[in-house]
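Here's the structure we're looking at; comments come further down.
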Amino acid sequence: MISFDHNDPSSAYGACPRFTTLLQALVHQAQTKPQALGLADKERGLTFAKWTLRVTATAHELKPELEAMGVKLGANTKDAQPQPLQLTPDTAVLLPAIPSVDYLSLYYALCLCHVIVVPCDKNSTEDTLRYYAEQSGAQVILNYPDAHLSATGLAVLDCAEILKRADRQLTAWESSGQATQVITQMTLPSPEEFESIYFTSGTTGKSKAVLLTHANTLQGGLNSVSTCAKFSSDIEILTTPIFHAQAASSFRANLILGSASVLFPSFYRPDELQALITRYQCNAINLVPATLKLLLESLGEQGFCDLLKPLRLIEVGTAPTDPTSKSRYSTLLPHTWFLYNYGATECSRTVFNLVCGDYLERSDKTAPAGFAYGQNHKGQCFATRAELSALGRPVPVCHALVLDDDGKALPTGTPGRLVFEGGMVMQGYLNNPELTASTIAPKRYYSSDCGYFDEYGFIHILGRIDDVINMGGEKISPQEIEDTVLSVPGIKECCCIGGEDALLGVIPVLYYTLTANSELTESALKQALRSKLNRPHRPKIYIEQKSLPKNRVGKVDRNALKQMWRESSIHQTMKASQA
């Protein structure tokens, strides 16, 4: 029987050794399962032993090159940095992220050189790269096959030859029988060294530089492992952008478990994805909600099922998935586990919702913690409607609270600010002491999300605190409106913002798109919502669009929509009439 109790030594979490860093986990996997697949892409796969040797060889080749370019190695500890948090220049290096084994080889090679890694989108503009460099103090950016980057103002280190030399060194170690000795002699970073700087997606404004230690990233991976829904035998395709915290949480968890990560771009063709699943015998995938919807829309129900039916686990993150879609996916794939993750770049994965169908043979009638509760536990376990609408439960190794404006805990059912405690919480925002002070305390992260606990311990989210619509004193959840609108047939995607209004201050304005061949009219949509939403919570303005603006990780850009509203003729006419 599968155990979902993280305290059970036989569970996926309980069976994991206790590591101090992710590099220690990599070394452990190389020693205990050297021939198992550890990392792959469309071109090639690396066993854990080859991956570890490649990281070591790459670090050996990188170190003198970095030192020659003025990068300070080993100066990235807390004690070596000034307060407030502002890194000494030249302790960080920008690393363009591509879905390739080269990327994670270079990533951990930089960690082995005791350098702070700054992942960035390979398609970033030069202005964005300069901003990242300014915030992190980096003077050097790595360039390697398929990155195709130019970065004005930054020194570029071309890694193509470095990687070739590293591969030759790897082969030499293997042929001479030195591989085991090389792995055991690796000098690993300490848990308290700074490991990386991840930039937030900028959904709420300018991207912020989030500083993480090796201990932070390890705990972020353990958060995901503690759901007990991921196993050491998994071979997981990561389609989410590899520079984003969602994908990073997955490859960290896979390292801890000793399961494989297969890197693949999010702009793939389904036939290429099918070929990858077959080639590596993948049984898990990591997707963003928009990609899952796109697959269903483009392939149809039968094609969707044919493609994803071989998979045991589908991880979904970066944005909430509406209850209607959750229900539809589970109906189409009743034997598949859907692991819906919530987190933030600042504190990795902190909340999960595991919705699954025919998951295992059971002799008892008790649903495991974190699963749906209800009556259907005879071999199957389906989520109730109430659970489908929830964000999820806190991961077992993280503590979650709902606090009021004075920092006092709120009772069940009362909305407030979501706060999370655990070792995954960032060290702070670089060059932003005021925001750092208002966002974190020791191992505690004060999120910008508003939500509440229900009686079963599930968190329900109303939206970001700044996005909750206060219409004449009435607090309205944009998330509730969006989930309800998405339940109406013919709606493809939507976003509800608080639009400025001269009379009421703020009103709910709905932007939406329709599915192909949909004949849904605005009046029909309004009629459908009358029975689903109380009158104050219904949108006051409906604006159909051909598409909604997105940020670089595929989330709908609320700030762009708010600007569109301010500039719209509808808003201008309303202002004139209310003046």
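Letters for chains follow the order of the structure tokens (A, B, ...), residue numbers begin at 1 for each chain, and ligand numbers begin at 1 in the order shown.
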Selection near region 453-468 of chain A, 9 Å with only C-alpha atoms, sequence-local residues under 2 positions removed, as JSON, numbers by chain: {"A": [204, 351, 353, 370, 387, 389, 390, 391, 392, 393, 394, 401, 402, 411, 412, 413, 414, 415, 416, 417, 418, 447, 448, 449, 450, 451, 470, 475, 476, 477, 478, 479, 480, 497, 498, 558]}
I'd like to know which residues of region 258-438 of chain A are strand (DSSP E or B) (by DSSP, run on the backbone); could you write them as a tab-separated table (two decimals) with N, CA, C and O atoms, in the first residue's frame?
chain	number	residue	atom	x	y	z
A	260	ALA	N	13.95	11.32	-12.60
A	260	ALA	CA	14.56	11.97	-13.75
A	260	ALA	C	13.79	13.22	-14.16
A	260	ALA	O	12.56	13.26	-14.08
A	261	SER	N	14.52	14.22	-14.66
A	261	SER	CA	13.95	15.44	-15.23
A	261	SER	C	14.26	15.47	-16.72
A	261	SER	O	15.42	15.37	-17.11
A	262	VAL	N	13.22	15.60	-17.53
A	262	VAL	CA	13.38	15.69	-18.98
A	262	VAL	C	12.96	17.09	-19.41
A	262	VAL	O	11.79	17.47	-19.26
A	263	LEU	N	13.89	17.88	-19.90
A	263	LEU	CA	13.64	19.28	-20.21
A	263	LEU	C	13.09	19.42	-21.63
A	263	LEU	O	13.62	18.84	-22.57
A	284	ALA	N	5.30	11.26	-16.06
A	284	ALA	CA	4.87	12.48	-15.38
A	284	ALA	C	5.21	13.68	-16.25
A	284	ALA	O	6.11	13.62	-17.10
A	285	ILE	N	4.48	14.77	-16.03
A	285	ILE	CA	4.72	16.00	-16.79
A	285	ILE	C	4.37	17.20	-15.93
A	285	ILE	O	3.51	17.12	-15.05
A	286	ASN	N	5.07	18.30	-16.17
A	286	ASN	CA	4.83	19.56	-15.47
A	286	ASN	C	4.35	20.58	-16.49
A	286	ASN	O	5.05	20.85	-17.46
A	287	LEU	N	3.16	21.14	-16.27
A	287	LEU	CA	2.54	22.05	-17.23
A	287	LEU	C	2.01	23.30	-16.53
A	287	LEU	O	1.71	23.26	-15.34
A	313	LEU	N	1.22	11.07	-13.44
A	313	LEU	CA	1.13	12.33	-12.70
A	313	LEU	C	1.21	13.51	-13.66
A	313	LEU	O	2.07	13.55	-14.55
A	314	ILE	N	0.32	14.48	-13.46
A	314	ILE	CA	0.38	15.75	-14.18
A	314	ILE	C	0.46	16.85	-13.13
A	314	ILE	O	-0.48	17.04	-12.34
A	315	GLU	N	1.59	17.55	-13.10
A	315	GLU	CA	1.77	18.68	-12.18
A	315	GLU	C	1.38	19.97	-12.88
A	315	GLU	O	1.77	20.21	-14.03
A	316	VAL	N	0.64	20.81	-12.20
A	316	VAL	CA	0.16	22.06	-12.78
A	316	VAL	C	0.48	23.20	-11.82
A	316	VAL	O	0.20	23.10	-10.62
A	337	TRP	N	-3.17	11.19	-11.72
A	337	TRP	CA	-3.11	12.10	-10.57
A	337	TRP	C	-2.82	13.51	-11.09
A	337	TRP	O	-1.92	13.71	-11.90
A	338	PHE	N	-3.57	14.47	-10.60
A	338	PHE	CA	-3.33	15.88	-10.92
A	338	PHE	C	-2.85	16.58	-9.65
A	338	PHE	O	-3.58	16.65	-8.66
A	339	LEU	N	-1.63	17.06	-9.69
A	339	LEU	CA	-1.04	17.74	-8.53
A	339	LEU	C	-0.99	19.22	-8.83
A	339	LEU	O	-0.16	19.70	-9.61
A	340	TYR	N	-1.92	19.99	-8.24
A	340	TYR	CA	-1.99	21.43	-8.46
A	340	TYR	C	-1.16	22.12	-7.38
A	340	TYR	O	-1.44	21.99	-6.19
A	341	ASN	N	-0.14	22.85	-7.82
A	341	ASN	CA	0.79	23.49	-6.89
A	341	ASN	C	0.58	24.99	-6.81
A	341	ASN	O	0.26	25.63	-7.81
A	342	TYR	N	0.78	25.50	-5.62
A	342	TYR	CA	0.79	26.96	-5.41
A	342	TYR	C	2.06	27.30	-4.66
A	342	TYR	O	2.49	26.57	-3.75
A	343	GLY	N	2.63	28.41	-5.02
A	343	GLY	CA	3.80	28.88	-4.29
A	343	GLY	C	4.17	30.26	-4.79
A	343	GLY	O	3.41	30.91	-5.50
A	344	ALA	N	5.34	30.69	-4.43
A	344	ALA	CA	5.86	31.97	-4.90
A	344	ALA	C	7.36	31.82	-5.07
A	344	ALA	O	7.98	30.95	-4.44
A	348	SER	N	9.01	29.10	-2.73
A	348	SER	CA	8.81	27.83	-3.42
A	348	SER	C	7.39	27.31	-3.20
A	348	SER	O	6.49	28.07	-2.89
A	349	ARG	N	7.19	26.02	-3.39
A	349	ARG	CA	5.85	25.44	-3.29
A	349	ARG	C	5.42	25.33	-1.83
A	349	ARG	O	6.15	24.79	-1.00
A	350	THR	N	4.26	25.82	-1.54
A	350	THR	CA	3.79	25.83	-0.15
A	350	THR	C	2.40	25.24	0.02
A	350	THR	O	2.01	24.90	1.13
A	351	VAL	N	1.63	25.14	-1.05
A	351	VAL	CA	0.27	24.62	-0.98
A	351	VAL	C	0.08	23.65	-2.14
A	351	VAL	O	0.58	23.88	-3.24
A	352	PHE	N	-0.62	22.55	-1.90
A	352	PHE	CA	-0.87	21.60	-2.97
A	352	PHE	C	-2.29	21.08	-2.89
A	352	PHE	O	-2.93	21.09	-1.84
A	353	ASN	N	-2.78	20.63	-4.01
A	353	ASN	CA	-4.09	19.99	-4.08
A	353	ASN	C	-3.94	18.80	-5.01
A	353	ASN	O	-3.71	18.96	-6.20
A	354	LEU	N	-4.03	17.60	-4.45
A	354	LEU	CA	-3.86	16.37	-5.23
A	354	LEU	C	-5.24	15.81	-5.56
A	354	LEU	O	-5.94	15.32	-4.69
A	355	VAL	N	-5.63	15.93	-6.81
A	355	VAL	CA	-6.92	15.44	-7.27
A	355	VAL	C	-6.65	14.23	-8.15
A	355	VAL	O	-5.91	14.32	-9.13
A	356	CYS	N	-7.23	13.10	-7.80
A	356	CYS	CA	-6.91	11.90	-8.55
A	356	CYS	C	-8.11	10.98	-8.61
A	356	CYS	O	-9.08	11.11	-7.86
A	392	GLY	N	-5.87	24.54	-2.06
A	392	GLY	CA	-5.26	23.30	-1.60
A	392	GLY	C	-4.93	23.37	-0.13
A	392	GLY	O	-5.34	24.29	0.59
A	393	ARG	N	-4.19	22.36	0.33
A	393	ARG	CA	-3.73	22.33	1.72
A	393	ARG	C	-2.25	22.69	1.78
A	393	ARG	O	-1.50	22.43	0.83
A	394	PRO	N	-1.79	23.24	2.90
A	394	PRO	CA	-0.35	23.50	3.03
A	394	PRO	C	0.42	22.20	2.94
A	394	PRO	O	-0.05	21.16	3.42
A	399	HIS	N	4.25	25.53	7.48
A	399	HIS	CA	3.17	26.02	8.32
A	399	HIS	C	2.54	27.23	7.65
A	399	HIS	O	3.24	28.12	7.17
A	400	ALA	N	1.21	27.24	7.58
A	400	ALA	CA	0.50	28.35	6.94
A	400	ALA	C	-0.43	29.02	7.93
A	400	ALA	O	-1.01	28.37	8.81
A	401	LEU	N	-0.57	30.33	7.79
A	401	LEU	CA	-1.45	31.11	8.66
A	401	LEU	C	-2.24	32.09	7.81
A	401	LEU	O	-1.84	32.44	6.70
A	402	VAL	N	-3.36	32.56	8.38
A	402	VAL	CA	-4.12	33.66	7.79
A	402	VAL	C	-4.18	34.76	8.85
A	402	VAL	O	-4.73	34.54	9.94
A	403	LEU	N	-3.60	35.91	8.54
A	403	LEU	CA	-3.47	36.98	9.53
A	403	LEU	C	-4.22	38.23	9.11
A	403	LEU	O	-4.39	38.50	7.92
A	409	ALA	N	-3.90	36.02	14.14
A	409	ALA	CA	-4.48	34.90	13.41
A	409	ALA	C	-6.00	35.04	13.33
A	409	ALA	O	-6.65	35.42	14.31
A	416	GLY	N	-7.96	36.81	5.08
A	416	GLY	CA	-6.85	37.65	5.52
A	416	GLY	C	-5.64	37.38	4.66
A	416	GLY	O	-5.71	36.72	3.63
A	417	ARG	N	-4.50	37.87	5.12
A	417	ARG	CA	-3.26	37.71	4.37
A	417	ARG	C	-2.69	36.32	4.61
A	417	ARG	O	-2.57	35.87	5.76
A	418	LEU	N	-2.31	35.62	3.53
A	418	LEU	CA	-1.71	34.30	3.65
A	418	LEU	C	-0.23	34.44	4.00
A	418	LEU	O	0.50	35.18	3.34
A	419	VAL	N	0.18	33.71	5.05
A	419	VAL	CA	1.55	33.77	5.53
A	419	VAL	C	2.08	32.34	5.64
A	419	VAL	O	1.36	31.44	6.09
A	420	PHE	N	3.34	32.13	5.24
A	420	PHE	CA	3.92	30.79	5.24
A	420	PHE	C	5.24	30.78	6.00
A	420	PHE	O	6.03	31.71	5.91
A	421	GLU	N	5.45	29.69	6.75
A	421	GLU	CA	6.67	29.55	7.54
A	421	GLU	C	7.41	28.29	7.12
A	421	GLU	O	6.81	27.25	6.88
A	428	GLY	N	15.73	37.54	1.17
A	428	GLY	CA	15.22	38.90	1.01
A	428	GLY	C	15.29	39.34	-0.44
A	428	GLY	O	15.77	38.62	-1.32
A	429	TYR	N	14.76	40.54	-0.69
A	429	TYR	CA	14.85	41.17	-2.01
A	429	TYR	C	16.11	42.01	-2.06
A	429	TYR	O	16.33	42.86	-1.18
Would you pick out the contacts of region 210-222 of chain A at 9 Å or less, using only C-alpha atoms, so that residues sharing its chain but fewer than 6 positions from it are not included, and give the list as an NGL selection string? :A and (13 or 19-23 or 77 or 189-200 or 248-256 or 345-350 or 397 or 422-430)
Selected residues written out, C-alpha atoms, as a PDB file, in the first residue's frame:
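After the write, again_33.pdb holds the following:
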ATOM      1  CA  TYR A  13       9.148  11.642   1.659  1.00  0.00           C
ATOM      2  CA  PHE A  19      20.542  16.059   2.514  1.00  0.00           C
ATOM      3  CA  THR A  20      22.021  19.461   3.343  1.00  0.00           C
ATOM      4  CA  THR A  21      22.199  20.765  -0.252  1.00  0.00           C
ATOM      5  CA  LEU A  22      20.906  19.722  -3.662  1.00  0.00           C
ATOM      6  CA  LEU A  23      24.473  19.092  -4.836  1.00  0.00           C
ATOM      7  CA  THR A  77      28.101  33.839   2.113  1.00  0.00           C
ATOM      8  CA  PRO A 189      28.977  24.392  -0.934  1.00  0.00           C
ATOM      9  CA  SER A 190      27.607  24.861   2.553  1.00  0.00           C
ATOM     10  CA  PRO A 191      23.833  25.138   3.139  1.00  0.00           C
ATOM     11  CA  GLU A 192      24.133  28.804   4.146  1.00  0.00           C
ATOM     12  CA  GLU A 193      25.955  29.940   1.016  1.00  0.00           C
ATOM     13  CA  PHE A 194      23.885  31.942  -1.434  1.00  0.00           C
ATOM     14  CA  GLU A 195      22.897  29.691  -4.340  1.00  0.00           C
ATOM     15  CA  SER A 196      20.780  31.702  -6.743  1.00  0.00           C
ATOM     16  CA  ILE A 197      18.818  34.826  -7.543  1.00  0.00           C
ATOM     17  CA  TYR A 198      15.452  34.209  -9.170  1.00  0.00           C
ATOM     18  CA  PHE A 199      13.503  37.148 -10.530  1.00  0.00           C
ATOM     19  CA  THR A 200       9.767  37.284  -9.972  1.00  0.00           C
ATOM     20  CA  ALA A 248      12.966  24.784 -10.531  1.00  0.00           C
ATOM     21  CA  SER A 249      10.822  23.302  -7.748  1.00  0.00           C
ATOM     22  CA  SER A 250      10.293  20.199  -9.864  1.00  0.00           C
ATOM     23  CA  PHE A 251      13.908  19.535 -10.778  1.00  0.00           C
ATOM     24  CA  ARG A 252      14.888  20.142  -7.151  1.00  0.00           C
ATOM     25  CA  ALA A 253      12.317  17.594  -5.954  1.00  0.00           C
ATOM     26  CA  ASN A 254      13.427  15.123  -8.614  1.00  0.00           C
ATOM     27  CA  LEU A 255      17.052  15.474  -7.493  1.00  0.00           C
ATOM     28  CA  ILE A 256      16.077  14.706  -3.901  1.00  0.00           C
ATOM     29  CA  THR A 345       9.380  32.600  -6.084  1.00  0.00           C
ATOM     30  CA  GLU A 346      10.010  33.887  -2.551  1.00  0.00           C
ATOM     31  CA  CYS A 347       9.094  30.609  -0.829  1.00  0.00           C
ATOM     32  CA  SER A 348       8.809  27.833  -3.421  1.00  0.00           C
ATOM     33  CA  ARG A 349       5.851  25.442  -3.285  1.00  0.00           C
ATOM     34  CA  THR A 350       3.795  25.833  -0.154  1.00  0.00           C
ATOM     35  CA  VAL A 397       6.545  20.454   6.096  1.00  0.00           C
ATOM     36  CA  GLY A 422       9.542  27.224   6.685  1.00  0.00           C
ATOM     37  CA  GLY A 423      13.146  26.897   5.616  1.00  0.00           C
ATOM     38  CA  MET A 424      12.272  27.657   1.977  1.00  0.00           C
ATOM     39  CA  VAL A 425      11.659  31.356   2.698  1.00  0.00           C
ATOM     40  CA  MET A 426      14.067  33.622   0.794  1.00  0.00           C
ATOM     41  CA  GLN A 427      16.779  35.722   2.392  1.00  0.00           C
ATOM     42  CA  GLY A 428      15.223  38.898   1.010  1.00  0.00           C
ATOM     43  CA  TYR A 429      14.846  41.165  -2.012  1.00  0.00           C
ATOM     44  CA  LEU A 430      18.128  42.599  -3.217  1.00  0.00           C
TER      45      LEU A 430
END
Could you tell me which of A:Gln302, A:Arg530, A:Arg538, A:Gly499 comes closest to Trp565 (chain A) if we count only C-alpha atoms?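 Of A:Gln302, A:Arg530, A:Arg538, A:Gly499, the one nearest Trp565 (chain A) is A:Gly499, counting only C-alpha atoms.
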CA of Gln545 (chain A) to CA of Glu522 (chain A), straight-line distance in Å: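 Taking CA of Glu522 (chain A) and CA of Gln545 (chain A), their separation equals 11.9 Å.
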Run DSSP on the backbone and give me the residues of region 272-425 of chain A it puts in alpha helix (DSSP H), as JSON, numbers by chain. {"A": [272, 273, 274, 275, 276, 277, 278, 279, 280, 289, 290, 291, 292, 293, 294, 295, 296, 297, 298, 299, 300, 301, 302, 303, 304, 305, 306, 307, 308, 323, 324, 325, 326, 327, 328, 329, 330, 331, 332, 385, 386, 387, 388]}
What gap, in Å, lies between CA of Gln178 (chain A) and CA of Pro34 (chain A)?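 Separating CA of Gln178 (chain A) from CA of Pro34 (chain A) is a distance of 14.0 Å.
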